[in-house]
Number of protein chains: 4
Amino acid sequence: MNTFGTIFRMHIFGESHGPAVGIIIDGCPTGMDIHADMFTTDLERRKGGILKGTTPRSEPDVPIFLSGVFNNKTTGAPLTIIFENTNTRSKDYEMQREIPRPGHADFVAQKKYKGMQDYRGGGHFSGRLTVALVAAGVIAKKILAKRNIICSSNIIEIGGETDMDKGLQKAIDAKDSVGGIITCHITGLPIGLGEPFFNSVESLISHLVFSIPAIKGIEFGAGFSAAKMFGSEHNDALENKEGKTTSNHAGGIVGGITNGNEVNFKVVVKPTSSTPKKQTSLNVVTNKPEEFSIKGRHDLCIALRVPVVLEAVAACVMADLLFLNDQQLNY
Amino acid sequence: MNTFGTIFRMHIFGESHGPAVGIIIDGCPTGMDIHADMFTTDLERRKGGILKGTTPRSEPDVPIFLSGVFNNKTTGAPLTIIFENTNTRSKDYEMQREIPRPGHADFVAQKKYKGMQDYRGGGHFSGRLTVALVAAGVIAKKILAKRNIICSSNIIEIGGETDMDKGLQKAIDAKDSVGGIITCHITGLPIGLGEPFFNSVESLISHLVFSIPAIKGIEFGAGFSAAKMFGSEHNDALENKEGKTTSNHAGGIVGGITNGNEVNFKVVVKPTSSTPKKQTSLNVVTNKPEEFSIKGRHDLCIALRVPVVLEAVAACVMADLLFLNDQQLNY
Amino acid sequence: MNTFGTIFRMHIFGESHGPAVGIIIDGCPTGMDIHADMFTTDLERRKGGILKGTTPRSEPDVPIFLSGVFNNKTTGAPLTIIFENTNTRSKDYEMQREIPRPGHADFVAQKKYKGMQDYRGGGHFSGRLTVALVAAGVIAKKILAKRNIICSSNIIEIGGETDMDKGLQKAIDAKDSVGGIITCHITGLPIGLGEPFFNSVESLISHLVFSIPAIKGIEFGAGFSAAKMFGSEHNDALENKEGKTTSNHAGGIVGGITNGNEVNFKVVVKPTSSTPKKQTSLNVVTNKPEEFSIKGRHDLCIALRVPVVLEAVAACVMADLLFLNDQQLNY
Amino acid sequence: MNTFGTIFRMHIFGESHGPAVGIIIDGCPTGMDIHADMFTTDLERRKGGILKGTTPRSEPDVPIFLSGVFNNKTTGAPLTIIFENTNTRSKDYEMQREIPRPGHADFVAQKKYKGMQDYRGGGHFSGRLTVALVAAGVIAKKILAKRNIICSSNIIEIGGETDMDKGLQKAIDAKDSVGGIITCHITGLPIGLGEPFFNSVESLISHLVFSIPAIKGIEFGAGFSAAKMFGSEHNDALENKEGKTTSNHAGGIVGGITNGNEVNFKVVVKPTSSTPKKQTSLNVVTNKPEEFSIKGRHDLCIALRVPVVLEAVAACVMADLLFLNDQQLNY
């Protein structure tokens with residue numbers, strides 16, 4: 001239930017206010033160079049600390065390798081990476097037990113885990129766990145890079161504006177939070193990754209993408225705009241034997257399989273659930289509606305932190321598919 | 001690679017022009033009434049034969065139970081359902097080997113399977129296999145119905161028009177094909193289905209939804225429109241202890257978990273790849289572009305057949321999650 | 001629950017008196033020659049029809065390829081093989097519902113499936129399903145043969161005698177049934193197959209071996225006799241860089257991993273549960289003990305049919321491990 | 001590859017001389033009391049420190065809960081338990097790289113991981129990791145105890161003697177190491193656990209049992225002695241409707257399914273590979289045979305430590321099967 005992948009397999013764990021969050025990666029090849037420094041860039045991108053609209057906190061986020069690394073190389077045994085939770089504030093979390101925050105998992109966690117959940121911060125539901133996904137992504141991207149496959153992700157819209165700054169200013173002006181749209185591009189892929197039906201490339205990417213908190217939609221290539229196109233417009237004509245097509249409305253995936261063109265997709269990130277605005281929720285103790293506002297640091301726009309996480313999950317899917325494909329070449 | 005689900009698990013197989021297509025379902029409870037008649041309605045819906053814009057073919061589509069059924073009851077052993085392929089036309093499939101049809105899997109199949117694929121019709125990539133998904137869906141919906149959970153799916157847009165007839169007429173007038181947008185609603189769900197991160201409800205639904213050929217995007221609740229909302233607008237305020245919220249922008253899923261409200265999502269179906277229009281593709285033998293047109297029966301709008309398939313896959317995901325949840329109740 | 005393997009994956013189904021038994025194999029490489037004839041030898045070996053002590057029945061056992069084969073080659077899509085059940089006798093199966101046969105699954109099936117099981121013959125528990133394992137084994141052995149890996153299995157003891165004929169005569173004389181011990185040898189394996197801990201080679205082989213009805217024990221290399229050896233005796237000294245050891249008490253597996261020597265193991269097959277002798281069981285309707293005897297054809301010694309099934313499952317495990325290993329070579 | 005279980009799922013990791021070894025358990029019910037003390041008894045049993053023939057080391061073995069525990073209760077989120085490796089001696093491990101120790105994984109690890117493995121101690125192959133299995137077993141046994149299911153394991157033979165002391169003395173006298181035979185009994189099980197074929201109870205138990213280092217054989221019930229029995233002797237006659245049989249040659253499992261009697265099995269543990277005796281191996285650098293002896297602490301008889309590990313893995317299998325069975329009761 002807590003595992004993703006067939007060859008390159010991940011198991012995630014942890015709570016935002018527990019001792020650590022982390023990930024085990026199985027199927028990591030032996031002999032990859034690995035050291036804490038190579039994670040720094042992506043971990044910093046995830047923090048988004050310098051961007052207007054992200055929280056000013058500065059957790060250290062140093063990967064600790066509990067297993068699978070020896071003399072700065074992967075051994076081939078399960079690779080366990082943890083991040084200690086050092087920057088947790090003691091505060092009154094009782095409030096959010098009584099008044100579940102709208103848009104947060106407080107209420108469903110309480111019901112699902114019968115009140116036993118670690119309710120501090122988001123507990124196991126916290127965006128904090130994406131630090132582990134980013135770490136897995138760094139490994140996956142390194143595997144892909146060896147074959148000249150590159151995943152990159154960008155913000156294309158914030159608060160309804162294509163100018164990020166303008167979108168954030170809207171949130172600041174309204175004393176509210178905003179969402180955004182992020183795109184991801186994967187270049188250099190061979191033709192033939194993915195499986196028809198249950199393990200289409202779209203199936204696997206979307207599966208892992210919706211593991212990222214706050215994502216509520218995904219579209220590949222032309223996506224929802226395909227609904228307004230004629231077949232003759234949408235079809236991508238084959239141009240050469242390497243699979244290049246004259247257009248790429250399919251987002252590089254046909255029949256669930258990579259077709260040799262760039263794979264691309266867009267996701268929507270909902271506005272941050274924690275907003276400075278006053279909100280109403282049910283006080284589950286008194287059973288009455290209650291007004292409240294969320295205090296303390298939080299992101300005006302969580303979408304700003306998403307690109308590096310999106311790259312990470314895309315890379316993890318592709319590393320797995322690549323390894324599965326290698327096997328097929330060897331009979 | 002060809003399996004979906006943890007408890008209620010499916011394995012799909014078959015080619016459109018082979019002897020049969022089918023599905024094994026593991027984890028089906030014992031003692032369910034089962035007979036061919038109960039599949040008729042959904043199988044007919046899938047054919048869409050009476051709708052303007054669908055092909056006039058009339059395959060019988062009679063489910064044959066190879067295993068797991070005895071005296072018209074499920075036994076609890078693996079349930080295998082096949083559909084024979086009786087209505088296959090012999091025709092010249094060599095053409096599509098030479099000139100891969102745009103938007104179809106011809107080219108990727110040729111590359112992935114090194115020319116060994118069954119290239120007749122769509123082979124293993126054919127929409128024909130959705131008949132097996134529909135059959136699994138009938139079983140899953142019966143399981144859900146016992147708990148008063150209902151999946152239903154509707155067309156909301158065809159060819160860019162909310163009037164289905166008008167949208168189809170556009171295709172007819174343009175001698176082209178069109179796509180559409182389909183919605184799916186699931187009511188009666190308990191709070192707490194799904195797992196944080198890798199097995200969020202959105203992850204599992206999207207995984208299986210993208211197994212349906214021609215789907216290129218999915219959004220839950222407010223979906224892509226969330227990108228333009230403030231957090232205070234998007235957040236659904238809790239109204240009562242059963243989880244009812246004043247709005248449902250989250251599409252019934254928070255933190256990856258069902259929250260007691262209706263789960264809903266929309267998908268986009270690309271326009272049918274086979275269009276009456278002349279198209280250009282590469283002749284991979286001569287290595288030159290070539291004009292061609294697809295003859296014979298085909299759907300003007302494959303989206304018309306999608307609702308029952310969408311219901312089916314949604315029901316399969318929910319049946320599995322329900323069984324997983326039952327386990328959690330029993331410690 | 002009904003699946004085995006990671007890359008070379010199998011899903012088994014069917015009942016002895018239903019329409020068919022069969023297997024889906026995922027992960028079969030594309031382009032393998034495949035035709036019904038190549039299954040004949042192993043299917044005949046399984047029937048054991050010419051051996052003293054096996055039943056005189058002669059089912060045709062012709063494999064039917066429902067999917068994954070085109071122009072006598074594997075396509076790479078899921079390969080489905082079924083065997084129709086043509087040689088089923090109509091007889092009074094009600095008896096075994098009332099008086100569960102000792103050593104058979106009648107009683108547990110009744111309880112597990114709440115009386116809904118197909119109780120004719122062994123139903124889903126029938127040894128009939130091993131025909132599907134043998135078919136999968138033929139494919140797996142062909143994959144292995146390409147790398148010069150050979151699985152072979154022999155009877156080493158029947159009814160306590162190393163002379164098969166003498167052991168069977170004991171059963172005939174006693175009007176009873178007997179068991180046996182079967183060995184399996186796998187040569188040509190590379191060093192390094194298997195994974196430490198959960199997927200040790202012993203774990204995977206034993207998992208699938210215990211799927212064969214009537215097997216109740218397995219030992220690798222020196223096996224149980226190791227309990228009486230000193231460490232200095234049991235340890236296999238390394239002789240050359242290819243891994244050859246001076247002895248092979250480890251049965252070719254150290255730390256769960258193949259070490260370059262022959263893998264070998266022995267299994268015990270219990271005496272056929274159906275014996276000509278009078279037996280007592282509980283009549284679950286009257287709730288009183290009742291004497292009965294089993295009429296009709298049955299094997300005096302089911303062990304005679306086991307070698308080809310043992311080879312088959314060993315080959316399936318090894319094919320899967322080989323494919324997993326290929327992946328590791330490719331970073 | 002590094003995962004076992006369907007509902008109660010484990011992922012193991014770590015090396016003997018790395019920072020820690022550990023295990024993630026998914027599917028652990030919410031609300032179980034959990035504190036370090038409840039692990040002490042079993043962790044002490046595993047150390048076997050007070051037994052003649054076990055090493056005198058005294059590692060603290062304190063479980064650290066990285067995730068899934070809050071206020072001394074399981075939350076339902078993935079439960080991660082680690083054990084730090086504090087008692088590791090710095091010594092010259094170069095020797096065992098040059099001269100792979102017979103019976104150890106040194107050679108296969110070198111080949112499988114291309115020289116990148118953590119070669120200190122047994123690295124990832126070390127018996128040290130069984131501490132993590134024992135921890136998982138404590139949790140599983142607690143789950144089982146709630147339903148009055150008990151796993152217990154005993155030594156029945158050491159060094160060929162049924163008197164443990166005498167067997168150990170043989171090793172001491174011979175300045176060598178010895179193996180043993182261990183039995184495991186599981187009482188209180190319901191009828192109907194397990195699945196026919198691929199997930200028979202024997203399949204699942206043996207799979208996990210062979211994950212324990214040094215085990216080379218397993219037999220259920222009468223096991224290998226069944227090979228010398230007649231069918232009429234081996235068959236266990238049904239005595240009452242609760243499934244009780246007059247004998248238990250089947251070891252409580254028929255058709256792969258629990259039959260309501262005690263499940264029991266025996267395993268053989270090979271003699272400790274590290275023996276005080278001089279041994280010969282190949283020096284893979286000089287490519288010449290070389291005599292050597294292993295210095296320092298080690299167990300004369302690793303079998304002494306196995307019972308608690310065997311109980312642990314048996315309990316983990318049973319907890320998983322129990323949860324799977326619960327699901328079946330709920331349609």
# chains A, B, ... in the order shown; residues from 1 in each chain; ligands from 1
>>> calpha_fit_and_write(fixed="chain B", moving="chain C", output="short mmCIF file (atom, residue, chain, number, x, y, z; two decimals) with C-alpha atoms, in the first residue's frame")
data_model
loop_
_atom_site.label_atom_id
_atom_site.label_comp_id
_atom_site.auth_asym_id
_atom_site.auth_seq_id
_atom_site.Cartn_x
_atom_site.Cartn_y
_atom_site.Cartn_z
CA MET C 1 2.83 -5.35 -15.26
CA ASN C 2 -0.58 -6.40 -16.34
CA THR C 3 -2.29 -6.42 -13.00
CA PHE C 4 -4.26 -3.82 -11.09
CA GLY C 5 -5.54 -3.93 -7.53
CA THR C 6 -4.57 -5.31 -4.14
CA ILE C 7 -7.54 -7.40 -3.01
CA PHE C 8 -9.92 -7.00 -5.95
CA ARG C 9 -7.25 -7.63 -8.57
CA MET C 10 -7.59 -7.76 -12.33
CA HIS C 11 -5.42 -9.21 -15.09
CA ILE C 12 -6.43 -8.27 -18.64
CA PHE C 13 -5.51 -10.01 -21.88
CA GLY C 14 -6.39 -10.43 -25.51
CA GLU C 15 -6.21 -8.91 -28.96
CA SER C 16 -9.04 -7.55 -31.06
CA HIS C 17 -8.55 -10.12 -33.81
CA GLY C 18 -7.34 -13.04 -31.71
CA PRO C 19 -9.65 -15.76 -30.40
CA ALA C 20 -10.87 -13.78 -27.39
CA VAL C 21 -10.30 -10.93 -24.99
CA GLY C 22 -10.77 -11.41 -21.27
CA ILE C 23 -10.00 -10.68 -17.68
CA ILE C 24 -9.22 -12.61 -14.52
CA ILE C 25 -10.59 -11.15 -11.34
CA ASP C 26 -9.02 -12.28 -8.08
CA GLY C 27 -10.51 -11.39 -4.74
CA CYS C 28 -14.10 -11.60 -5.82
CA PRO C 29 -16.22 -12.53 -2.80
CA THR C 30 -17.85 -15.96 -2.75
CA GLY C 31 -21.55 -16.43 -3.30
CA MET C 32 -22.35 -13.51 -5.58
CA ASP C 33 -25.12 -14.26 -8.06
CA ILE C 34 -23.67 -14.18 -11.51
CA HIS C 35 -25.23 -14.83 -14.89
CA ALA C 36 -24.69 -13.51 -18.37
CA ASP C 37 -27.83 -11.36 -18.33
CA MET C 38 -26.59 -9.02 -15.64
CA PHE C 39 -23.84 -7.84 -18.01
CA THR C 40 -26.15 -7.00 -20.91
CA THR C 41 -27.08 -3.44 -20.05
CA ASP C 42 -23.52 -2.26 -19.55
CA LEU C 43 -22.18 -4.19 -22.53
CA GLU C 44 -24.86 -2.55 -24.68
CA ARG C 45 -24.01 0.88 -23.30
CA ARG C 46 -20.41 0.32 -24.29
CA LYS C 47 -21.35 -0.53 -27.85
CA GLY C 48 -23.16 2.75 -28.18
CA GLY C 49 -24.70 1.22 -31.28
CA ILE C 50 -27.81 3.34 -31.26
CA LEU C 51 -26.01 6.64 -30.90
CA LYS C 52 -25.37 8.87 -33.86
CA GLY C 53 -21.67 8.75 -34.42
CA THR C 54 -20.96 5.26 -33.22
CA THR C 55 -20.25 2.37 -35.55
CA PRO C 56 -23.14 0.25 -36.70
CA ARG C 57 -21.48 -3.05 -35.84
CA SER C 58 -23.31 -5.44 -33.58
CA GLU C 59 -21.03 -7.88 -31.89
CA PRO C 60 -22.86 -10.26 -29.60
CA ASP C 61 -20.55 -9.67 -26.59
CA VAL C 62 -21.65 -12.60 -24.49
CA PRO C 63 -19.53 -13.17 -21.39
CA ILE C 64 -18.19 -16.71 -21.04
CA PHE C 65 -17.13 -17.72 -17.53
CA LEU C 66 -14.05 -19.90 -17.80
CA SER C 67 -13.53 -20.23 -14.07
CA GLY C 68 -14.69 -19.07 -10.67
CA VAL C 69 -18.42 -19.53 -11.29
CA PHE C 70 -20.42 -22.56 -10.24
CA ASN C 71 -24.18 -22.93 -10.18
CA ASN C 72 -24.43 -19.24 -11.12
CA LYS C 73 -22.53 -18.10 -8.06
CA THR C 74 -19.00 -16.86 -7.65
CA THR C 75 -16.95 -19.50 -5.86
CA GLY C 76 -14.18 -17.28 -4.52
CA ALA C 77 -11.63 -18.84 -6.86
CA PRO C 78 -10.18 -16.67 -9.65
CA LEU C 79 -13.02 -15.53 -11.90
CA THR C 80 -12.16 -15.59 -15.59
CA ILE C 81 -14.46 -13.94 -18.11
CA ILE C 82 -13.77 -14.02 -21.83
CA PHE C 83 -15.48 -12.55 -24.87
CA GLU C 84 -14.92 -14.27 -28.16
CA ASN C 85 -14.00 -12.10 -31.13
CA THR C 86 -16.53 -13.15 -33.71
CA ASN C 87 -17.11 -10.00 -35.66
CA THR C 88 -13.65 -9.50 -37.09
CA ARG C 89 -13.36 -8.64 -40.74
CA SER C 90 -10.58 -9.99 -42.85
CA LYS C 91 -9.00 -7.02 -44.49
CA ASP C 92 -5.69 -5.74 -45.60
CA TYR C 93 -3.88 -4.87 -42.40
CA GLU C 94 -0.60 -4.70 -44.22
CA MET C 95 -1.31 -1.08 -45.06
CA GLN C 96 -1.19 0.06 -41.47
CA ARG C 97 2.10 -1.72 -40.97
CA GLU C 98 3.61 0.28 -43.80
CA ILE C 99 1.86 3.52 -42.98
CA PRO C 100 1.33 3.73 -39.22
CA ARG C 101 -1.95 5.49 -38.53
CA PRO C 102 -1.50 8.78 -36.66
CA GLY C 103 -2.98 8.74 -33.17
CA HIS C 104 -2.99 4.94 -33.13
CA ALA C 105 -0.49 2.64 -31.47
CA ASP C 106 0.66 1.12 -34.78
CA PHE C 107 4.08 2.75 -34.70
CA VAL C 108 4.89 2.29 -31.01
CA ALA C 109 3.66 -1.31 -31.08
CA GLN C 110 5.91 -2.04 -34.03
CA LYS C 111 8.89 -0.64 -32.14
CA LYS C 112 8.09 -2.02 -28.71
CA TYR C 113 7.37 -5.52 -29.90
CA LYS C 114 9.95 -5.53 -32.69
CA GLY C 115 7.41 -6.23 -35.38
CA MET C 116 5.99 -9.27 -33.60
CA GLN C 117 2.76 -7.60 -32.43
CA ASP C 118 -0.62 -8.73 -33.64
CA TYR C 119 -1.15 -5.76 -35.94
CA ARG C 120 -4.68 -6.66 -36.98
CA GLY C 121 -7.03 -3.93 -35.78
CA GLY C 122 -5.39 -2.44 -32.74
CA GLY C 123 -4.20 -5.86 -31.58
CA HIS C 124 -3.63 -5.81 -27.84
CA PHE C 125 -3.99 -2.00 -27.89
CA SER C 126 -7.51 -2.18 -29.23
CA GLY C 127 -10.47 -0.48 -27.54
CA ARG C 128 -12.03 -3.92 -27.89
CA LEU C 129 -10.39 -4.84 -24.57
CA THR C 130 -12.57 -2.35 -22.75
CA VAL C 131 -15.33 -4.96 -23.00
CA ALA C 132 -13.36 -6.86 -20.35
CA LEU C 133 -13.12 -3.76 -18.16
CA VAL C 134 -16.87 -3.27 -18.45
CA ALA C 135 -17.42 -6.86 -17.33
CA ALA C 136 -15.17 -6.35 -14.31
CA GLY C 137 -17.06 -3.15 -13.63
CA VAL C 138 -20.38 -4.98 -13.52
CA ILE C 139 -19.01 -7.20 -10.77
CA ALA C 140 -17.48 -4.28 -8.89
CA LYS C 141 -20.67 -2.22 -9.10
CA LYS C 142 -22.62 -5.13 -7.67
CA ILE C 143 -20.21 -5.29 -4.73
CA LEU C 144 -20.57 -1.55 -4.19
CA ALA C 145 -24.36 -1.60 -4.55
CA LYS C 146 -24.59 -3.88 -1.55
CA ARG C 147 -23.22 -0.97 0.48
CA ASN C 148 -25.28 1.62 -1.38
CA ILE C 149 -22.35 3.00 -3.30
CA ILE C 150 -23.23 4.09 -6.83
CA CYS C 151 -20.91 5.05 -9.71
CA SER C 152 -22.46 6.94 -12.60
CA SER C 153 -20.91 8.62 -15.56
CA ASN C 154 -22.23 11.09 -18.11
CA ILE C 155 -21.17 12.92 -21.21
CA ILE C 156 -20.92 16.64 -20.55
CA GLU C 157 -19.37 17.87 -23.75
CA ILE C 158 -18.94 16.53 -27.29
CA GLY C 159 -16.97 18.33 -29.97
CA GLY C 160 -16.83 21.42 -27.78
CA GLU C 161 -20.63 21.51 -27.38
CA THR C 162 -22.70 20.72 -24.29
CA ASP C 163 -25.41 19.54 -26.67
CA MET C 164 -24.26 16.07 -27.70
CA ASP C 165 -26.26 16.16 -30.91
CA LYS C 166 -24.82 19.46 -31.99
CA GLY C 167 -21.30 18.27 -31.29
CA LEU C 168 -21.74 15.13 -33.35
CA GLN C 169 -23.26 17.12 -36.20
CA LYS C 170 -20.08 19.19 -36.27
CA ALA C 171 -18.12 16.02 -36.89
CA ILE C 172 -20.53 14.82 -39.56
CA ASP C 173 -20.47 18.19 -41.29
CA ALA C 174 -16.70 18.39 -41.20
CA LYS C 175 -16.32 14.73 -42.23
CA ASP C 176 -14.03 14.45 -39.25
CA SER C 177 -14.05 13.00 -35.72
CA VAL C 178 -14.50 14.74 -32.38
CA GLY C 179 -13.69 14.18 -28.72
CA GLY C 180 -15.50 14.95 -25.52
CA ILE C 181 -15.57 15.41 -21.80
CA ILE C 182 -17.07 12.81 -19.48
CA THR C 183 -17.80 13.12 -15.80
CA CYS C 184 -18.08 10.44 -13.16
CA HIS C 185 -19.77 10.63 -9.75
CA ILE C 186 -19.48 8.16 -6.91
CA THR C 187 -21.94 8.47 -4.06
CA GLY C 188 -22.37 6.63 -0.79
CA LEU C 189 -18.68 6.21 0.00
CA PRO C 190 -17.53 5.93 3.59
CA ILE C 191 -14.95 8.36 4.97
CA GLY C 192 -11.41 7.08 5.00
CA LEU C 193 -10.86 5.12 1.79
CA GLY C 194 -7.44 5.53 0.19
CA GLU C 195 -3.96 5.86 1.57
CA PRO C 196 -1.78 8.93 1.98
CA PHE C 197 0.87 9.37 -0.72
CA PHE C 198 1.34 6.41 -3.09
CA ASN C 199 -2.17 5.09 -2.91
CA SER C 200 -4.24 8.23 -2.75
CA VAL C 201 -7.72 7.84 -4.21
CA GLU C 202 -6.74 10.22 -7.00
CA SER C 203 -3.65 8.09 -7.71
CA LEU C 204 -5.61 4.89 -8.00
CA ILE C 205 -8.51 6.29 -10.00
CA SER C 206 -6.24 8.12 -12.42
CA HIS C 207 -4.04 5.05 -12.81
CA LEU C 208 -6.93 2.95 -14.01
CA VAL C 209 -8.68 5.76 -15.90
CA PHE C 210 -5.57 6.26 -18.06
CA SER C 211 -5.78 2.58 -18.93
CA ILE C 212 -8.81 3.47 -21.02
CA PRO C 213 -7.63 4.25 -24.55
CA ALA C 214 -8.00 7.87 -25.73
CA ILE C 215 -8.18 9.53 -22.31
CA LYS C 216 -5.64 12.34 -22.01
CA GLY C 217 -6.59 14.27 -18.90
CA ILE C 218 -8.36 13.99 -15.54
CA GLU C 219 -9.37 16.50 -12.90
CA PHE C 220 -10.97 15.99 -9.52
CA GLY C 221 -13.59 18.38 -8.14
CA ALA C 222 -12.80 21.94 -9.19
CA GLY C 223 -9.75 20.58 -11.00
CA PHE C 224 -7.94 23.00 -13.27
CA SER C 225 -10.26 25.83 -12.32
CA ALA C 226 -8.72 25.67 -8.83
CA ALA C 227 -5.70 27.42 -10.32
CA LYS C 228 -7.69 30.62 -10.48
CA MET C 229 -9.30 30.40 -7.05
CA PHE C 230 -8.21 31.82 -3.73
CA GLY C 231 -7.69 29.37 -0.88
CA SER C 232 -10.66 30.79 0.98
CA GLU C 233 -12.86 30.08 -2.03
CA HIS C 234 -11.55 26.62 -2.76
CA ASN C 235 -11.58 25.25 0.78
CA ASP C 236 -14.70 23.22 1.52
CA ALA C 237 -16.00 24.05 4.98
CA LEU C 238 -17.04 21.14 7.17
CA GLU C 239 -20.73 21.21 7.91
CA ASN C 240 -21.46 18.17 10.00
CA LYS C 241 -19.77 15.26 11.74
CA GLU C 242 -20.51 12.92 8.84
CA GLY C 243 -18.07 14.98 6.81
CA LYS C 244 -20.54 16.89 4.66
CA THR C 245 -18.96 20.07 3.35
CA THR C 246 -20.72 23.23 2.17
CA SER C 247 -19.03 22.99 -1.22
CA ASN C 248 -17.14 20.16 -2.92
CA HIS C 249 -14.21 21.71 -4.73
CA ALA C 250 -12.05 18.85 -3.51
CA GLY C 251 -14.13 16.32 -5.42
CA GLY C 252 -14.70 14.33 -2.24
CA ILE C 253 -11.02 13.59 -1.65
CA VAL C 254 -8.74 15.36 0.84
CA GLY C 255 -5.21 14.23 1.60
CA GLY C 256 -5.82 11.41 -0.85
CA ILE C 257 -8.65 10.05 1.33
CA THR C 258 -12.42 10.05 0.76
CA ASN C 259 -14.07 12.64 3.00
CA GLY C 260 -17.67 11.46 2.96
CA ASN C 261 -18.83 13.66 0.10
CA GLU C 262 -19.49 12.60 -3.45
CA VAL C 263 -16.29 11.75 -5.32
CA ASN C 264 -16.33 13.30 -8.74
CA PHE C 265 -13.94 13.78 -11.60
CA LYS C 266 -13.90 14.69 -15.26
CA VAL C 267 -11.87 13.21 -18.08
CA VAL C 268 -11.12 14.34 -21.59
CA VAL C 269 -11.39 11.88 -24.46
CA LYS C 270 -9.37 12.83 -27.51
CA PRO C 271 -11.12 12.83 -30.90
CA THR C 272 -11.23 9.41 -32.53
CA SER C 273 -7.87 8.84 -34.21
CA SER C 274 -9.54 7.17 -37.18
CA THR C 275 -11.11 10.04 -39.08
CA PRO C 276 -12.75 10.01 -42.52
CA LYS C 277 -10.44 12.89 -43.50
CA LYS C 278 -7.38 12.35 -45.60
CA GLN C 279 -4.25 12.23 -43.44
CA THR C 280 -0.55 12.10 -44.01
CA SER C 281 1.85 9.70 -42.33
CA LEU C 282 5.25 8.25 -43.02
CA ASN C 283 5.44 5.14 -45.15
CA VAL C 284 8.08 3.34 -43.10
CA VAL C 285 8.99 1.07 -46.01
CA THR C 286 9.57 3.77 -48.59
CA ASN C 287 10.54 6.27 -45.87
CA LYS C 288 8.39 8.89 -47.60
CA PRO C 289 5.31 10.76 -46.43
CA GLU C 290 2.11 9.37 -47.89
CA GLU C 291 -1.50 10.50 -47.97
CA PHE C 292 -4.16 7.98 -47.05
CA SER C 293 -7.64 7.73 -45.66
CA ILE C 294 -9.12 5.15 -43.33
CA LYS C 295 -11.96 3.18 -44.84
CA GLY C 296 -14.72 1.19 -43.25
CA ARG C 297 -16.69 1.54 -40.08
CA HIS C 298 -15.39 3.55 -37.18
CA ASP C 299 -16.72 5.85 -34.51
CA LEU C 300 -17.02 9.56 -35.20
CA CYS C 301 -16.70 10.06 -31.47
CA ILE C 302 -15.26 7.36 -29.29
CA ALA C 303 -16.16 9.47 -26.24
CA LEU C 304 -19.75 8.26 -26.62
CA ARG C 305 -18.68 4.79 -25.54
CA VAL C 306 -16.57 5.92 -22.62
CA PRO C 307 -19.07 6.57 -19.80
CA VAL C 308 -19.75 2.93 -18.99
CA VAL C 309 -16.02 2.15 -19.10
CA LEU C 310 -15.31 5.04 -16.78
CA GLU C 311 -17.93 3.82 -14.33
CA ALA C 312 -16.40 0.37 -14.56
CA VAL C 313 -12.87 1.40 -13.68
CA ALA C 314 -14.07 3.75 -10.93
CA ALA C 315 -16.07 0.90 -9.45
CA CYS C 316 -13.11 -1.49 -9.60
CA VAL C 317 -10.91 0.97 -7.71
CA MET C 318 -13.58 1.56 -5.11
CA ALA C 319 -14.32 -2.13 -4.58
CA ASP C 320 -10.64 -2.71 -3.92
CA LEU C 321 -10.39 0.23 -1.52
CA LEU C 322 -13.50 -0.90 0.28
CA PHE C 323 -12.07 -4.36 0.85
CA LEU C 324 -8.80 -2.87 2.07
CA ASN C 325 -10.74 -0.67 4.43
CA ASP C 326 -12.76 -3.58 5.81
CA GLN C 327 -9.54 -5.15 6.93
CA GLN C 328 -8.62 -2.03 8.88
CA LEU C 329 -11.86 -2.21 10.82
CA ASN C 330 -11.16 -5.64 12.15
CA TYR C 331 -8.33 -5.39 14.60
#
>>> select_by_dssp(residues="range 81-222 of chain A", states="strand (DSSP E)", output="list of chain:residue names")
A:Ile81, A:Ile82, A:Phe83, A:Glu84, A:Ile150, A:Cys151, A:Ser152, A:Ser153, A:Asn154, A:Ile155, A:Ile156, A:Glu157, A:Ile158, A:Gly180, A:Ile181, A:Ile182, A:Thr183, A:Cys184, A:His185, A:Ile186, A:Thr187, A:Ile215, A:Lys216, A:Gly217, A:Ile218, A:Glu219, A:Phe220
